[in-house]
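J.: Here it is, the structure in full.
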Amino acid sequence: MHHGVFIICFSWWLFWYLVSAIGISGMPSLSLNAHLIYIIFFLSLIVGYLSALVCRKPHTRVDISNHSVDYHVPVLYRVLILLCFLFLSFAAYSAGALTTGFAEYFLLRRGEFSEEIVTGSGLIDAIIKVFTLPILFAIFVNFLSLKLVGVKVSKINWFMLLSCIFIFSYTFQVNYPIIFCFILYFVSIFVSKDLSLKSFIYLFILCFIIMAAAVNRYGSFDFISIIMHYPVTYFSLSFPFFDYHLSQSDGLLFDHTYGESFLGYLTIYPVLLFKITGFPSDYYIPASFENISYNSQCVYLGHKCYNAFGSIIFSFFRDFGYVGVMMGAAFIGFLISYLNIKKRTSLFMKGIFLYVSSSFVNGIMVSPFDLPYFWNVMVLLFLFNVRLFPVKRSFDEA
């Protein structure tokens, strides 16, 4: 069995941990307590991954890699992309993104006096983040999965999909959708084991887009500073950020949630149900909201103030402390190993494997459980591939 994806995921975390520990990023050195937690994290990942291999049982399901498989992209995907494009274009116009200059719009959305509601309607903002973006990510994952089994997705479909993601990123002045797409494609290269020049050309194009976004945000072409911020600071900051909160014994990190942080954004739905039915909901604040709000508070690390870098370890530790880090890492390792075994049996399993592995890589910056789209994408992948409108396929013995 090919273990390259786990090695890449593990090495990704280990590399940026060492960058932070050595002090290349210019951040404060980590405490012994933080080092201990990260050692527990890495060892638990390995134990979890190996456990799935030990528990592995022979299966008799169809192996799509050993069959001639005819896949077709559903027309509904194109319809969904078009609807998302129109909706996001309307949202961008409502937000002033199409009628305001670059620098002025950046200050409008990211300046000192920026407003929380972007489009002028809290409902539209919520729909875009909770439904529209998950649809785009789910289709992006499915397109990559189709590519992995040799199906060519038309360039117009890719162009429209990436345009939607770009419109979202620009309208809300956030870069995480583009970065996550970069990570998804990066991981997919190692899933396919296609290390050809052509595969990396698209990766370089995504890198160029990210750098262009960085130049737009910085307002200059100081590439050394940009590289130190993208990606050095982005990918190594969560380690000292977590260490800072670890030193605050009376902070939110030690107010344990016993699994609620793992559920993340799923805990918002009971609150919505309370509001719809008229029951008071103020007495219950979802752990996900608490985590996001707490990590949004600016913390001085070195000479700058940083926020919004509560990694996946923050969620694990807040749930059950040291045991939570051990259990959470072991679970992630086991899940990646299990999905690695099952990815050859269906397009759905291949997509879930790609999505979970990429989310773990992305979890070095921000906990995926706290993101509105995380669980919804998994549900959509199930609906797209298994229940409502799966990709049509036929199997012929090779």
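By convention here, the chains of the structure tokens are called A, B, ... in the order presented, each chain's residues are numbered starting at 1, and ligands are numbered starting at 1 in the order presented.
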Give me the residues within 7 Å of range 184-187 of chain A as a VMD selection string, counting only C-alpha atoms and dropping any in the same chain fewer than 4 places off.

T.: chain A and resid 5 180 191 203 354 358

J.: Emit the selected residues as a PDB file, in the first residue's frame, including C-alpha atoms.

T.:
```pdb
ATOM      1  CA  VAL A   5       0.283  10.906   1.593  1.00  0.00           C
ATOM      2  CA  PHE A 180      -6.860  25.229   0.807  1.00  0.00           C
ATOM      3  CA  VAL A 191      -2.378  10.416  -4.092  1.00  0.00           C
ATOM      4  CA  LEU A 203       0.913  23.930  -8.665  1.00  0.00           C
ATOM      5  CA  LEU A 354      -8.121  13.570  -0.236  1.00  0.00           C
ATOM      6  CA  SER A 358      -5.728  18.060   3.094  1.00  0.00           C
TER       7      SER A 358
END
```

J.: With a distance cut-off of 12 Å and only C-alpha atoms, select the neighbouring residues of Val356 in chain A, excluding the residue or stretch itself and same-chain residues fewer than 5 positions from it, and output the selection as a ChimeraX atom specification.

T.: /A:5-6,9,138,141,180,183-184,187-188,331-340,343,349-351,361-363,368-369,374-375,377-378,381

J.: Quick one: residues within 6 Å of range 83-99 of chain A, only C-alpha atoms, excluding same-chain residues fewer than 6 positions away - as a count of residues only?

T.: 4

J.: Hey, which of A:Ile178, A:Ile117, A:Leu206, A:Leu252 ends up closest to Leu136 in chain A? Count only C-alpha atoms.

T.: A:Ile178

J.: Write out, as CSV, each residue of range 11-112 of chain A that has an atom at most 10 Å from range 301-318 of chain A, together with the closest pair of atoms and their distance in Å to one decimal, counting only C-alpha atoms, rows going by chain and rising number.

T.:
```
residue,atom,partner,partner_atom,distance
A:Ser25,CA,A:Gly302,CA,9.9
A:Gly26,CA,A:Gly302,CA,7.0
A:Met27,CA,A:Gly302,CA,5.5
A:Pro28,CA,A:Gly302,CA,6.0
A:Ser29,CA,A:Gly302,CA,9.8
A:Ile37,CA,A:Ile313,CA,9.0
A:Tyr38,CA,A:Ile313,CA,8.7
A:Phe41,CA,A:Ile313,CA,8.2
```

J.: Any chance you could export the current selection's N, CA and C atoms as a PDB file, in the first residue's frame?

T.:
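Printed below is again14.pdb as written:
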```
ATOM      1  N   SER A  25      11.557  31.374  12.103  1.00  0.00           N
ATOM      2  CA  SER A  25      10.431  32.267  11.823  1.00  0.00           C
ATOM      3  C   SER A  25      10.502  33.572  12.604  1.00  0.00           C
ATOM      4  N   GLY A  26      11.449  33.669  13.543  1.00  0.00           N
ATOM      5  CA  GLY A  26      11.567  34.886  14.332  1.00  0.00           C
ATOM      6  C   GLY A  26      10.600  34.957  15.491  1.00  0.00           C
ATOM      7  N   MET A  27       9.892  33.863  15.757  1.00  0.00           N
ATOM      8  CA  MET A  27       8.933  33.821  16.851  1.00  0.00           C
ATOM      9  C   MET A  27       9.625  33.413  18.160  1.00  0.00           C
ATOM     10  N   PRO A  28       8.980  33.647  19.307  1.00  0.00           N
ATOM     11  CA  PRO A  28       9.552  33.204  20.585  1.00  0.00           C
ATOM     12  C   PRO A  28       9.754  31.695  20.606  1.00  0.00           C
ATOM     13  N   SER A  29      10.781  31.240  21.313  1.00  0.00           N
ATOM     14  CA  SER A  29      11.048  29.804  21.415  1.00  0.00           C
ATOM     15  C   SER A  29       9.943  29.124  22.215  1.00  0.00           C
ATOM     16  N   ILE A  37       3.904  18.352  24.382  1.00  0.00           N
ATOM     17  CA  ILE A  37       2.607  18.153  23.729  1.00  0.00           C
ATOM     18  C   ILE A  37       2.795  17.793  22.257  1.00  0.00           C
ATOM     19  N   TYR A  38       3.711  18.464  21.579  1.00  0.00           N
ATOM     20  CA  TYR A  38       3.916  18.168  20.155  1.00  0.00           C
ATOM     21  C   TYR A  38       4.562  16.801  19.953  1.00  0.00           C
ATOM     22  N   PHE A  41       1.795  14.454  20.253  1.00  0.00           N
ATOM     23  CA  PHE A  41       1.001  14.572  19.029  1.00  0.00           C
ATOM     24  C   PHE A  41       1.602  13.739  17.897  1.00  0.00           C
TER      25      PHE A  41
END
```

J.: Of the candidates A:Val19, A:Val271, A:Ile135, A:Leu53, which shows the shortest atom-to-atom distance to Leu237 in chain A, using only C-alpha atoms?

T.: A:Val19
